[in-house]
>>> print(open('coords.cif').read())   # mmCIF, C-alpha atoms
data_model
loop_
_atom_site.group_PDB
_atom_site.id
_atom_site.type_symbol
_atom_site.label_atom_id
_atom_site.label_comp_id
_atom_site.auth_asym_id
_atom_site.auth_seq_id
_atom_site.Cartn_x
_atom_site.Cartn_y
_atom_site.Cartn_z
ATOM 1 C CA MET A 1 7.681 -3.328 34.792
ATOM 2 C CA SER A 2 10.075 -0.434 34.196
ATOM 3 C CA PRO A 3 8.762 3.099 33.490
ATOM 4 C CA ARG A 4 9.850 2.672 29.858
ATOM 5 C CA GLN A 5 7.976 -0.639 29.508
ATOM 6 C CA SER A 6 4.955 0.926 31.177
ATOM 7 C CA ARG A 7 4.806 3.748 28.628
ATOM 8 C CA GLN A 8 5.192 1.264 25.805
ATOM 9 C CA ALA A 9 2.347 -0.843 27.219
ATOM 10 C CA GLU A 10 0.124 2.252 27.353
ATOM 11 C CA LEU A 11 0.185 2.395 23.560
ATOM 12 C CA VAL A 12 -1.170 -1.120 23.040
ATOM 13 C CA PRO A 13 -4.885 -0.375 23.724
ATOM 14 C CA LYS A 14 -4.673 2.768 21.582
ATOM 15 C CA LEU A 15 -3.095 0.864 18.694
ATOM 16 C CA LEU A 16 -5.644 -1.923 19.077
ATOM 17 C CA LYS A 17 -8.515 0.570 19.045
ATOM 18 C CA ASN A 18 -7.260 2.205 15.861
ATOM 19 C CA ALA A 19 -6.852 -1.099 14.033
ATOM 20 C CA LYS A 20 -9.667 -3.280 15.336
ATOM 21 C CA SER A 21 -12.471 -1.304 17.020
ATOM 22 C CA TRP A 22 -14.582 -1.056 13.861
ATOM 23 C CA SER A 23 -16.807 -3.589 12.098
ATOM 24 C CA SER A 24 -15.727 -2.207 8.727
ATOM 25 C CA ILE A 25 -13.683 0.561 7.160
ATOM 26 C CA GLU A 26 -14.111 2.062 3.697
ATOM 27 C CA LEU A 27 -11.234 4.230 2.526
ATOM 28 C CA THR A 28 -10.499 6.093 -0.703
ATOM 29 C CA VAL A 29 -6.971 7.419 -1.151
ATOM 30 C CA GLU A 30 -5.305 9.306 -4.001
ATOM 31 C CA ASN A 31 -1.566 8.910 -4.530
ATOM 32 C CA THR A 32 0.635 11.085 -6.734
ATOM 33 C CA THR A 33 4.074 9.715 -7.576
ATOM 34 C CA HIS A 34 6.998 11.938 -8.585
ATOM 35 C CA GLN A 35 10.275 10.570 -9.939
ATOM 36 C CA TYR A 36 13.466 12.620 -9.969
ATOM 37 C CA GLY A 37 16.954 12.479 -11.427
ATOM 38 C CA THR A 38 17.925 9.287 -13.199
ATOM 39 C CA LEU A 39 14.593 7.658 -12.354
ATOM 40 C CA ALA A 40 12.713 10.249 -14.422
ATOM 41 C CA LYS A 41 15.037 10.256 -17.440
ATOM 42 C CA GLY A 42 13.451 8.710 -20.497
ATOM 43 C CA GLY A 43 10.338 7.858 -18.525
ATOM 44 C CA VAL A 44 7.368 9.447 -16.804
ATOM 45 C CA PRO A 45 8.138 11.859 -13.945
ATOM 46 C CA ARG A 46 4.583 11.957 -12.538
ATOM 47 C CA PHE A 47 1.503 9.729 -12.417
ATOM 48 C CA GLU A 48 -1.546 9.221 -10.181
ATOM 49 C CA MET A 49 -3.197 6.266 -8.472
ATOM 50 C CA ARG A 50 -6.649 6.074 -6.893
ATOM 51 C CA LEU A 51 -7.179 3.309 -4.318
ATOM 52 C CA GLU A 52 -10.620 2.316 -3.068
ATOM 53 C CA TYR A 53 -10.461 -0.113 -0.152
ATOM 54 C CA ILE A 54 -12.953 -1.921 2.087
ATOM 55 C CA GLU A 55 -12.182 -4.246 4.994
ATOM 56 C CA THR A 56 -14.457 -5.910 7.547
ATOM 57 C CA ASP A 57 -13.799 -7.469 10.937
ATOM 58 C CA ARG A 58 -14.607 -10.844 9.342
ATOM 59 C CA GLY A 59 -11.432 -10.732 7.260
ATOM 60 C CA GLN A 60 -13.170 -9.679 4.045
ATOM 61 C CA ARG A 61 -11.237 -7.219 1.897
ATOM 62 C CA LYS A 62 -11.572 -5.485 -1.457
ATOM 63 C CA LEU A 63 -9.105 -3.158 -3.171
ATOM 64 C CA ARG A 64 -9.604 -1.327 -6.470
ATOM 65 C CA GLU A 65 -6.659 0.479 -8.070
ATOM 66 C CA THR A 66 -6.920 2.869 -10.998
ATOM 67 C CA GLN A 67 -3.807 4.544 -12.384
ATOM 68 C CA THR A 68 -3.809 7.605 -14.617
ATOM 69 C CA LEU A 69 -1.134 9.388 -16.574
ATOM 70 C CA GLY A 70 -2.229 12.914 -17.298
ATOM 71 C CA GLU A 71 -5.580 12.604 -19.053
ATOM 72 C CA THR A 72 -5.010 8.951 -19.893
ATOM 73 C CA GLU A 73 -6.639 6.369 -17.622
ATOM 74 C CA GLY A 74 -4.535 3.277 -17.262
ATOM 75 C CA PRO A 75 -5.464 -0.306 -16.447
ATOM 76 C CA VAL A 76 -7.607 -1.147 -13.422
ATOM 77 C CA THR A 77 -6.890 -3.877 -10.877
ATOM 78 C CA GLU A 78 -9.252 -5.303 -8.267
ATOM 79 C CA VAL A 79 -8.245 -7.588 -5.411
ATOM 80 C CA PHE A 80 -10.829 -9.568 -3.446
ATOM 81 C CA SER A 81 -10.741 -11.660 -0.290
ATOM 82 C CA ASP A 82 -13.663 -13.542 1.206
ATOM 83 C CA GLY A 83 -11.651 -14.203 4.360
ATOM 84 C CA GLU A 84 -10.216 -17.494 3.115
ATOM 85 C CA ARG A 85 -9.194 -17.045 -0.533
ATOM 86 C CA SER A 86 -8.099 -14.058 -2.567
ATOM 87 C CA ALA A 87 -8.454 -13.160 -6.233
ATOM 88 C CA LEU A 88 -6.709 -10.579 -8.396
ATOM 89 C CA VAL A 89 -8.729 -9.344 -11.376
ATOM 90 C CA ARG A 90 -7.242 -7.153 -14.110
ATOM 91 C CA TYR A 91 -9.366 -5.004 -16.426
ATOM 92 C CA HIS A 92 -8.796 -3.062 -19.632
ATOM 93 C CA PRO A 93 -11.107 -0.541 -21.319
ATOM 94 C CA VAL A 94 -12.950 -1.536 -24.501
ATOM 95 C CA ASP A 95 -15.347 0.944 -26.156
ATOM 96 C CA GLY A 96 -15.541 2.971 -22.968
ATOM 97 C CA LYS A 97 -16.246 -0.008 -20.712
ATOM 98 C CA LEU A 98 -13.949 -2.014 -18.446
ATOM 99 C CA VAL A 99 -13.548 -5.642 -19.499
ATOM 100 C CA GLN A 100 -11.923 -8.380 -17.435
ATOM 101 C CA GLU A 101 -8.606 -9.544 -18.811
ATOM 102 C CA SER A 102 -7.470 -12.169 -16.305
ATOM 103 C CA ILE A 103 -8.297 -13.620 -12.874
ATOM 104 C CA ASN A 104 -5.775 -15.143 -10.488
ATOM 105 C CA VAL A 105 -7.061 -16.957 -7.398
ATOM 106 C CA THR A 106 -4.543 -17.307 -4.550
ATOM 107 C CA ARG A 107 -4.448 -17.930 -0.807
ATOM 108 C CA SER A 108 -2.943 -14.570 0.151
ATOM 109 C CA PHE A 109 -4.106 -11.020 -0.523
ATOM 110 C CA TYR A 110 -2.308 -9.449 -3.502
ATOM 111 C CA SER A 111 1.472 -9.767 -2.977
ATOM 112 C CA GLU A 112 1.534 -9.890 0.829
ATOM 113 C CA VAL A 113 3.119 -13.329 1.217
ATOM 114 C CA LEU A 114 5.647 -12.552 -1.516
ATOM 115 C CA THR A 115 6.795 -9.203 -0.071
ATOM 116 C CA GLY A 116 6.125 -9.724 3.633
ATOM 117 C CA TYR A 117 4.330 -6.360 3.828
ATOM 118 C CA THR A 118 0.621 -5.567 3.959
ATOM 119 C CA ASP A 119 -1.090 -4.300 0.817
ATOM 120 C CA ARG A 120 -3.490 -2.014 2.665
ATOM 121 C CA PRO A 121 -3.475 1.604 1.480
ATOM 122 C CA VAL A 122 -1.674 4.326 3.418
ATOM 123 C CA PRO A 123 -2.213 5.161 6.252
ATOM 124 C CA LEU A 124 -3.642 1.721 7.165
ATOM 125 C CA ARG A 125 -0.397 0.166 5.956
ATOM 126 C CA TYR A 126 1.402 1.560 8.977
ATOM 127 C CA ASP A 127 -0.959 -0.099 11.438
ATOM 128 C CA TYR A 128 1.222 -3.102 10.641
ATOM 129 C CA VAL A 129 4.901 -3.957 10.847
ATOM 130 C CA GLY A 130 5.282 -6.113 7.795
ATOM 131 C CA LEU A 131 2.255 -8.382 8.201
ATOM 132 C CA VAL A 132 2.096 -8.204 11.999
ATOM 133 C CA PRO A 133 -0.435 -5.818 13.591
ATOM 134 C CA LEU A 134 1.377 -2.926 15.256
ATOM 135 C CA HIS A 135 -0.294 -3.563 18.626
ATOM 136 C CA GLU A 136 1.282 -7.033 18.630
ATOM 137 C CA ALA A 137 4.659 -6.115 17.150
ATOM 138 C CA ILE A 138 5.333 -3.233 19.554
ATOM 139 C CA VAL A 139 5.822 -5.672 22.441
ATOM 140 C CA GLY A 140 9.141 -6.718 20.895
ATOM 141 C CA ALA A 141 10.229 -3.255 19.726
ATOM 142 C CA ARG A 142 13.124 -1.308 21.208
ATOM 143 C CA PHE A 143 12.260 2.127 22.573
ATOM 144 C CA LEU A 144 14.698 4.770 21.290
ATOM 145 C CA GLY A 145 13.256 7.886 22.940
ATOM 146 C CA ASP A 146 10.858 10.654 21.968
ATOM 147 C CA SER A 147 10.509 12.786 18.842
ATOM 148 C CA GLU A 148 8.195 15.445 17.464
ATOM 149 C CA VAL A 149 6.259 15.058 14.205
ATOM 150 C CA ILE A 150 3.807 17.736 12.974
ATOM 151 C CA GLY A 151 3.950 19.285 16.442
ATOM 152 C CA ARG A 152 2.976 16.081 18.277
ATOM 153 C CA THR A 153 5.127 14.144 20.747
ATOM 154 C CA CYS A 154 5.868 10.620 19.574
ATOM 155 C CA GLY A 155 7.550 7.546 20.977
ATOM 156 C CA VAL A 156 10.267 6.202 18.683
ATOM 157 C CA PHE A 157 10.466 2.416 18.335
ATOM 158 C CA LEU A 158 12.907 0.215 16.450
ATOM 159 C CA PHE A 159 11.554 -2.947 14.799
ATOM 160 C CA PRO A 160 14.350 -5.218 13.514
ATOM 161 C CA LYS A 161 13.847 -6.900 10.141
ATOM 162 C CA ASN A 162 10.518 -8.733 10.120
ATOM 163 C CA ARG A 163 11.694 -11.723 8.058
ATOM 164 C CA PRO A 164 14.977 -13.708 8.092
ATOM 165 C CA ASN A 165 15.838 -12.634 4.522
ATOM 166 C CA ASP A 166 14.745 -9.009 4.966
ATOM 167 C CA THR A 167 17.327 -6.245 4.571
ATOM 168 C CA LEU A 168 15.495 -3.535 6.497
ATOM 169 C CA ASP A 169 14.944 -2.343 10.030
ATOM 170 C CA LEU A 170 11.891 -0.134 10.570
ATOM 171 C CA VAL A 171 11.647 2.823 12.936
ATOM 172 C CA TYR A 172 8.138 3.986 13.909
ATOM 173 C CA HIS A 173 7.358 7.382 15.446
ATOM 174 C CA ILE A 174 4.007 6.823 17.216
ATOM 175 C CA ASP A 175 1.858 9.639 18.585
ATOM 176 C CA TRP A 176 1.522 9.040 22.341
ATOM 177 C CA ASP A 177 -1.969 10.580 22.487
ATOM 178 C CA HIS A 178 -3.716 8.965 19.520
ATOM 179 C CA GLY A 179 -1.550 5.890 19.015
ATOM 180 C CA LEU A 180 -1.120 6.839 15.352
ATOM 181 C CA PRO A 181 2.142 6.216 13.478
ATOM 182 C CA LEU A 182 3.220 9.632 12.195
ATOM 183 C CA ARG A 183 6.578 8.699 10.688
ATOM 184 C CA VAL A 184 8.101 5.406 9.532
ATOM 185 C CA GLU A 185 11.728 5.079 8.450
ATOM 186 C CA TYR A 186 13.256 2.266 6.398
ATOM 187 C CA HIS A 187 16.882 1.577 7.353
ATOM 188 C CA ARG A 188 19.424 -0.966 6.219
ATOM 189 C CA THR A 189 19.717 -3.653 8.880
ATOM 190 C CA GLY A 190 21.797 -2.462 11.833
ATOM 191 C CA ARG A 191 22.045 1.151 10.644
ATOM 192 C CA ALA A 192 18.934 2.738 12.120
ATOM 193 C CA GLU A 193 20.805 4.801 14.686
ATOM 194 C CA GLU A 194 22.857 6.493 11.945
ATOM 195 C CA GLY A 195 19.766 8.573 11.150
ATOM 196 C CA ARG A 196 20.030 8.219 7.362
ATOM 197 C CA PRO A 197 17.091 6.095 6.161
ATOM 198 C CA ASN A 198 16.780 4.633 2.689
ATOM 199 C CA ALA A 199 13.204 5.901 2.673
ATOM 200 C CA ALA A 200 10.701 7.492 5.036
ATOM 201 C CA TRP A 201 6.969 8.076 5.256
ATOM 202 C CA GLU A 202 5.701 11.043 7.278
ATOM 203 C CA ALA A 203 2.299 12.431 8.174
ATOM 204 C CA LYS A 204 1.422 15.976 7.145
ATOM 205 C CA ALA A 205 -2.013 16.291 8.786
ATOM 206 C CA ILE A 206 -4.507 14.427 10.991
ATOM 207 C CA GLU A 207 -8.284 14.633 10.606
ATOM 208 C CA LYS A 208 -11.221 12.876 12.220
ATOM 209 C CA TYR A 209 -13.581 10.706 10.170
ATOM 210 C CA ASP A 210 -16.733 9.490 11.922
ATOM 211 C CA GLY A 211 -15.039 10.638 15.116
ATOM 212 C CA ARG A 212 -11.881 8.577 14.517
ATOM 213 C CA PRO A 213 -8.469 10.180 13.913
ATOM 214 C CA LEU A 214 -6.580 9.225 10.755
ATOM 215 C CA VAL A 215 -3.538 10.623 8.992
ATOM 216 C CA SER A 216 -5.307 12.476 6.177
ATOM 217 C CA SER A 217 -2.271 13.479 4.126
ATOM 218 C CA SER A 218 1.293 12.228 4.085
ATOM 219 C CA LYS A 219 4.406 11.821 1.970
ATOM 220 C CA TYR A 220 6.678 8.870 1.201
ATOM 221 C CA ALA A 221 10.213 9.708 0.037
ATOM 222 C CA ALA A 222 13.055 7.484 -1.152
ATOM 223 C CA PHE A 223 16.646 8.684 -0.958
ATOM 224 C CA ASP A 224 19.785 8.002 -2.990
ATOM 225 C CA THR A 225 21.900 6.062 -0.493
ATOM 226 C CA ARG A 226 24.082 4.275 -3.020
ATOM 227 C CA ASN A 227 25.623 6.987 -5.170
ATOM 228 C CA GLY A 228 24.592 10.140 -3.323
ATOM 229 C CA ASP A 229 24.777 11.633 0.143
ATOM 230 C CA GLY A 230 21.658 9.833 1.342
ATOM 231 C CA ARG A 231 19.649 13.054 1.296
ATOM 232 C CA SER A 232 18.877 13.441 -2.412
ATOM 233 C CA VAL A 233 15.266 12.438 -3.092
ATOM 234 C CA THR A 234 14.782 10.011 -5.989
ATOM 235 C CA LEU A 235 11.065 9.334 -5.612
ATOM 236 C CA GLU A 236 8.147 10.851 -3.694
ATOM 237 C CA ILE A 237 4.561 9.684 -3.247
ATOM 238 C CA ASP A 238 1.922 12.072 -1.879
ATOM 239 C CA HIS A 239 -0.992 10.310 -0.165
ATOM 240 C CA SER A 240 -4.327 12.050 0.477
ATOM 241 C CA ILE A 241 -7.512 10.589 1.942
ATOM 242 C CA VAL A 242 -10.534 11.436 -0.192
ATOM 243 C CA SER A 243 -13.067 9.796 2.118
ATOM 244 C CA ALA A 244 -13.192 7.409 5.075
ATOM 245 C CA ARG A 245 -16.259 5.719 6.582
ATOM 246 C CA PHE A 246 -16.627 3.205 9.375
ATOM 247 C CA ASP A 247 -19.055 0.513 10.540
ATOM 248 C CA LEU A 248 -21.068 0.122 7.342
ATOM 249 C CA ALA A 249 -22.672 -3.168 6.302
ATOM 250 C CA TYR A 250 -21.736 -4.870 3.026
ATOM 251 C CA PRO A 251 -23.099 -7.943 1.244
ATOM 252 C CA SER A 252 -20.710 -10.896 1.130
ATOM 253 C CA THR A 253 -20.924 -10.852 -2.670
ATOM 254 C CA MET A 254 -18.923 -7.617 -2.693
ATOM 255 C CA PHE A 255 -15.817 -9.517 -1.616
ATOM 256 C CA TRP A 256 -15.608 -11.975 -4.496
ATOM 257 C CA TYR A 257 -15.420 -11.520 -8.242
ATOM 258 C CA GLN A 258 -18.038 -12.239 -10.878
ATOM 259 C CA ALA A 259 -16.247 -13.630 -13.931
ATOM 260 C CA GLY A 260 -16.992 -12.187 -17.343
ATOM 261 C CA PRO A 261 -16.978 -14.048 -20.688
ATOM 262 C CA GLY A 262 -13.775 -15.425 -22.180
ATOM 263 C CA VAL A 263 -11.593 -14.619 -19.148
ATOM 264 C CA HIS A 264 -8.480 -16.649 -18.369
ATOM 265 C CA VAL A 265 -8.615 -17.919 -14.772
ATOM 266 C CA VAL A 266 -5.685 -19.349 -12.813
ATOM 267 C CA ASP A 267 -6.936 -21.016 -9.623
ATOM 268 C CA ALA A 268 -3.796 -21.871 -7.644
ATOM 269 C CA PRO A 269 -5.536 -23.279 -4.530
ATOM 270 C CA GLY A 270 -7.772 -25.410 -6.749
ATOM 271 C CA GLY A 271 -4.875 -26.483 -8.948
ATOM 272 C CA LYS A 272 -6.613 -25.619 -12.209
ATOM 273 C CA THR A 273 -6.500 -23.189 -15.130
ATOM 274 C CA TYR A 274 -9.376 -22.487 -17.495
ATOM 275 C CA ASP A 275 -11.167 -19.921 -19.676
ATOM 276 C CA THR A 276 -14.708 -18.872 -18.818
ATOM 277 C CA PRO A 277 -17.364 -19.485 -21.495
ATOM 278 C CA GLY A 278 -17.875 -16.862 -24.192
ATOM 279 C CA VAL A 279 -15.643 -14.465 -26.076
ATOM 280 C CA ALA A 280 -14.096 -11.398 -24.486
ATOM 281 C CA PRO A 281 -13.692 -8.106 -26.397
ATOM 282 C CA VAL A 282 -10.134 -7.542 -27.630
ATOM 283 C CA ALA A 283 -7.931 -4.569 -26.727
ATOM 284 C CA ALA A 284 -4.271 -3.620 -27.031
ATOM 285 C CA LYS A 285 -1.879 -5.009 -24.440
ATOM 286 C CA THR A 286 0.276 -2.790 -22.228
ATOM 287 C CA GLY A 287 2.395 -5.385 -20.493
ATOM 288 C CA ALA A 288 2.867 -6.642 -16.956
ATOM 289 C CA PRO A 289 1.609 -5.097 -13.703
ATOM 290 C CA ILE A 290 3.825 -2.373 -12.249
ATOM 291 C CA VAL A 291 4.920 -1.978 -8.638
ATOM 292 C CA VAL A 292 5.399 1.722 -7.849
ATOM 293 C CA GLU A 293 5.821 1.640 -4.078
ATOM 294 C CA PRO A 294 7.918 -1.342 -3.028
ATOM 295 C CA PRO A 295 8.258 -2.112 0.678
ATOM 296 C CA ASP A 296 12.049 -2.389 0.313
ATOM 297 C CA PRO A 297 13.589 0.999 -0.648
ATOM 298 C CA GLY A 298 16.791 -0.776 -1.619
ATOM 299 C CA ARG A 299 14.942 -2.014 -4.728
ATOM 300 C CA LEU A 300 13.731 1.446 -5.779
ATOM 301 C CA PRO A 301 16.179 2.164 -8.639
ATOM 302 C CA ARG A 302 15.310 -1.077 -10.458
ATOM 303 C CA ILE A 303 11.563 -0.911 -9.882
ATOM 304 C CA ALA A 304 11.169 2.791 -10.594
ATOM 305 C CA THR A 305 12.946 2.335 -13.921
ATOM 306 C CA TRP A 306 10.457 -0.437 -14.691
ATOM 307 C CA VAL A 307 7.637 1.967 -13.866
ATOM 308 C CA SER A 308 8.965 4.621 -16.260
ATOM 309 C CA LEU A 309 9.429 2.242 -19.173
ATOM 310 C CA ALA A 310 6.070 0.571 -18.741
ATOM 311 C CA LEU A 311 4.156 3.831 -18.430
ATOM 312 C CA ALA A 312 5.888 5.215 -21.494
ATOM 313 C CA ALA A 313 4.647 2.142 -23.334
ATOM 314 C CA VAL A 314 1.109 2.945 -22.184
ATOM 315 C CA ILE A 315 1.297 6.359 -23.857
ATOM 316 C CA VAL A 316 2.511 4.944 -27.159
ATOM 317 C CA ILE A 317 -0.124 2.231 -27.258
ATOM 318 C CA THR A 318 -2.901 4.598 -26.214
ATOM 319 C CA LEU A 319 -2.086 6.992 -29.024
ATOM 320 C CA ALA A 320 -1.850 4.166 -31.549
ATOM 321 C CA ALA A 321 -4.832 2.055 -30.533
ATOM 322 C CA ARG A 322 -6.721 4.284 -28.025
ATOM 323 C CA ARG A 323 -7.149 1.201 -25.881
ATOM 324 C CA ILE A 324 -5.274 -0.010 -22.815
ATOM 325 C CA ARG A 325 -4.934 -3.482 -21.424
ATOM 326 C CA GLY A 326 -2.938 -4.740 -18.402
ATOM 327 C CA GLY A 327 -2.509 -4.021 -14.684
ATOM 328 C CA ILE A 328 -0.637 -1.537 -12.516
ATOM 329 C CA ARG A 329 -0.263 -1.666 -8.759
ATOM 330 C CA SER A 330 1.328 0.489 -6.059
#
>>> encode(input="coords.cif", output="structure tokens")
Amino acid sequence: MSPRQSRQAELVPKLLKNAKSWSSIELTVENTTHQYGTLAKGGVPRFEMRLEYIETDRGQRKLRETQTLGETEGPVTEVFSDGERSALVRYHPVDGKLVQESINVTRSFYSEVLTGYTDRPVPLRYDYVGLVPLHEAIVGARFLGDSEVIGRTCGVFLFPKNRPNDTLDLVYHIDWDHGLPLRVEYHRTGRAEEGRPNAAWEAKAIEKYDGRPLVSSSKYAAFDTRNGDGRSVTLEIDHSIVSARFDLAYPSTMFWYQAGPGVHVVDAPGGKTYDTPGVAPVAAKTGAPIVVEPPDPGRLPRIATWVSLALAAVIVITLAARRIRGGIRS
């Protein structure tokens, strides 16, 4: 084993400890999205998302997303996994209470199979390369040298596109001491060494929670690489950990939904569609779910425009009906 391979191998137990040494993790993160330039024109330049996430070492997962626009609370989405199946539940407020709008049962968590990237909140997202745990993926990575992020020495590793139809190479800057990713760059395939990423995520601070280090605050930025110089920022997302707890016990019922009355259910694995008994309260519709942080920065102009238009519709409907219905994701 060469000295370079030896150093790379030293990271594996640290990465494994960060990702798998707990029986459970409970994480609450607040994201603030800023859109600039053409992305903000005619739309909404700023909005917030709160993500509440739980995962166990038995493969159980639960994610709750709540988006707000100023003082207006938007739709709420919950995603469940019992370790075998997943379910996406959308809510809308009626008379001050959240009411289920629809339930979709699938085999994969949220949009992970569709996008090829994990739907865990930041910073847990970067414990993976696509859907592959970082401690497994690093074996096939190419070491590019060392860098410094927030005053810490990192190893820089190139991960070629993680799927045959992917258009991105990923570059991870991993803290040698803690085994924490502190910077991740998204590059067009074959262009990583040019040093001009389409987008980048970077840590701003590290804190310990229950004795475990986590990136407590960070920023994701997308750059204009099509019409600009590749340095103009078109979109930024600030991520901040509100709380993090480890090794708590949860009942299995927490990781599956309880259907309300009159809810439309699409059960893809079961091959059936039905409405639950009863009548659900009625509220105004706001449209389709919104993706605000795509894994492929090359899609940012199209998706961010979708975000602006859909959120503007939320404002209009809220003022007219004072009720919101639909789903928004990040």
>>> closest_residue(input="coords.cif", among="A:Tyr172, A:Val129, A:Asp224, A:Gln35", to="Phe143 in chain A", atoms="all atoms listed in the file")
A:Tyr172
>>> closest_residue(input="coords.cif", among="A:Pro197, A:Pro213, A:Lys208, A:Val263", to="Thr225 in chain A", atoms="all atoms listed in the file")
A:Pro197
>>> residues_around(input="coords.cif", residues="Trp256 in chain A", least_positions_apart="6", cutoff="7 Å", atoms="only C-alpha atoms", output="list of chain:residue names")
A:Phe80, A:Ser81, A:Asp82
>>> write_last_selection(input="coords.cif", atoms="C-alpha atoms", output="tab-separated table (two decimals), keeping the file's coordinate frame")
chain	number	residue	atom	x	y	z
A	80	PHE	CA	-10.83	-9.57	-3.45
A	81	SER	CA	-10.74	-11.66	-0.29
A	82	ASP	CA	-13.66	-13.54	1.21
>>> closest_residue(input="coords.cif", among="A:Lys272, A:Arg50, A:Arg212, A:His187", to="Leu168 in chain A", atoms="all atoms listed in the file")
A:His187
>>> residues_around(input="coords.cif", residues="Leu214 in chain A", least_positions_apart="5", cutoff="10 Å", atoms="all atoms listed in the file", output="list in words")
Asn18, Pro123, Leu124, His178, Leu180, Pro181, Leu182, Ala203, Ala205, Ile206, Glu207, Lys208, Tyr209, Ile241 and Ala244 of chain A
>>> axis_aligned_box(input="coords.cif", around="range 68-87 of chain A", padding_each_side="4 Å", output="AutoDock Vina command-line options")
--center_x -7.4 --center_y -2.3 --center_z -7.8 --size_x 20.5 --size_y 38.4 --size_z 32.3
>>> atom_distance(input="coords.cif", atom1="CA of Glu30 in chain A", atom2="CA of Ser86 in chain A")
23.6 Å
>>> atom_distance(input="coords.cif", atom1="CA of Gly262 in chain A", atom2="CA of Glu101 in chain A")
8.5 Å
>>> resolve_selection(input="coords.cif", expression="the PyMOL selection byres ((chain A and resi 246-249) around 8)", output="list of chain:residue names")
A:Trp22, A:Ser23, A:Ser24, A:Ile25, A:Glu26, A:Asp210, A:Ala244, A:Arg245, A:Tyr250, A:Pro251
>>> resolve_selection(input="coords.cif", expression="the PyMOL selection byres ((chain A and resi 274-281) around 7)", output="ChimeraX atom specification")
/A:94,261-266,272-273,282-283
>>> atom_distance(input="coords.cif", atom1="CA of Leu16 in chain A", atom2="CA of Glu55 in chain A")
15.7 Å
>>> closest_residue(input="coords.cif", among="A:Gly37, A:Pro160, A:Pro75, A:Gly270", to="Arg142 in chain A", atoms="all atoms listed in the file")
A:Pro160
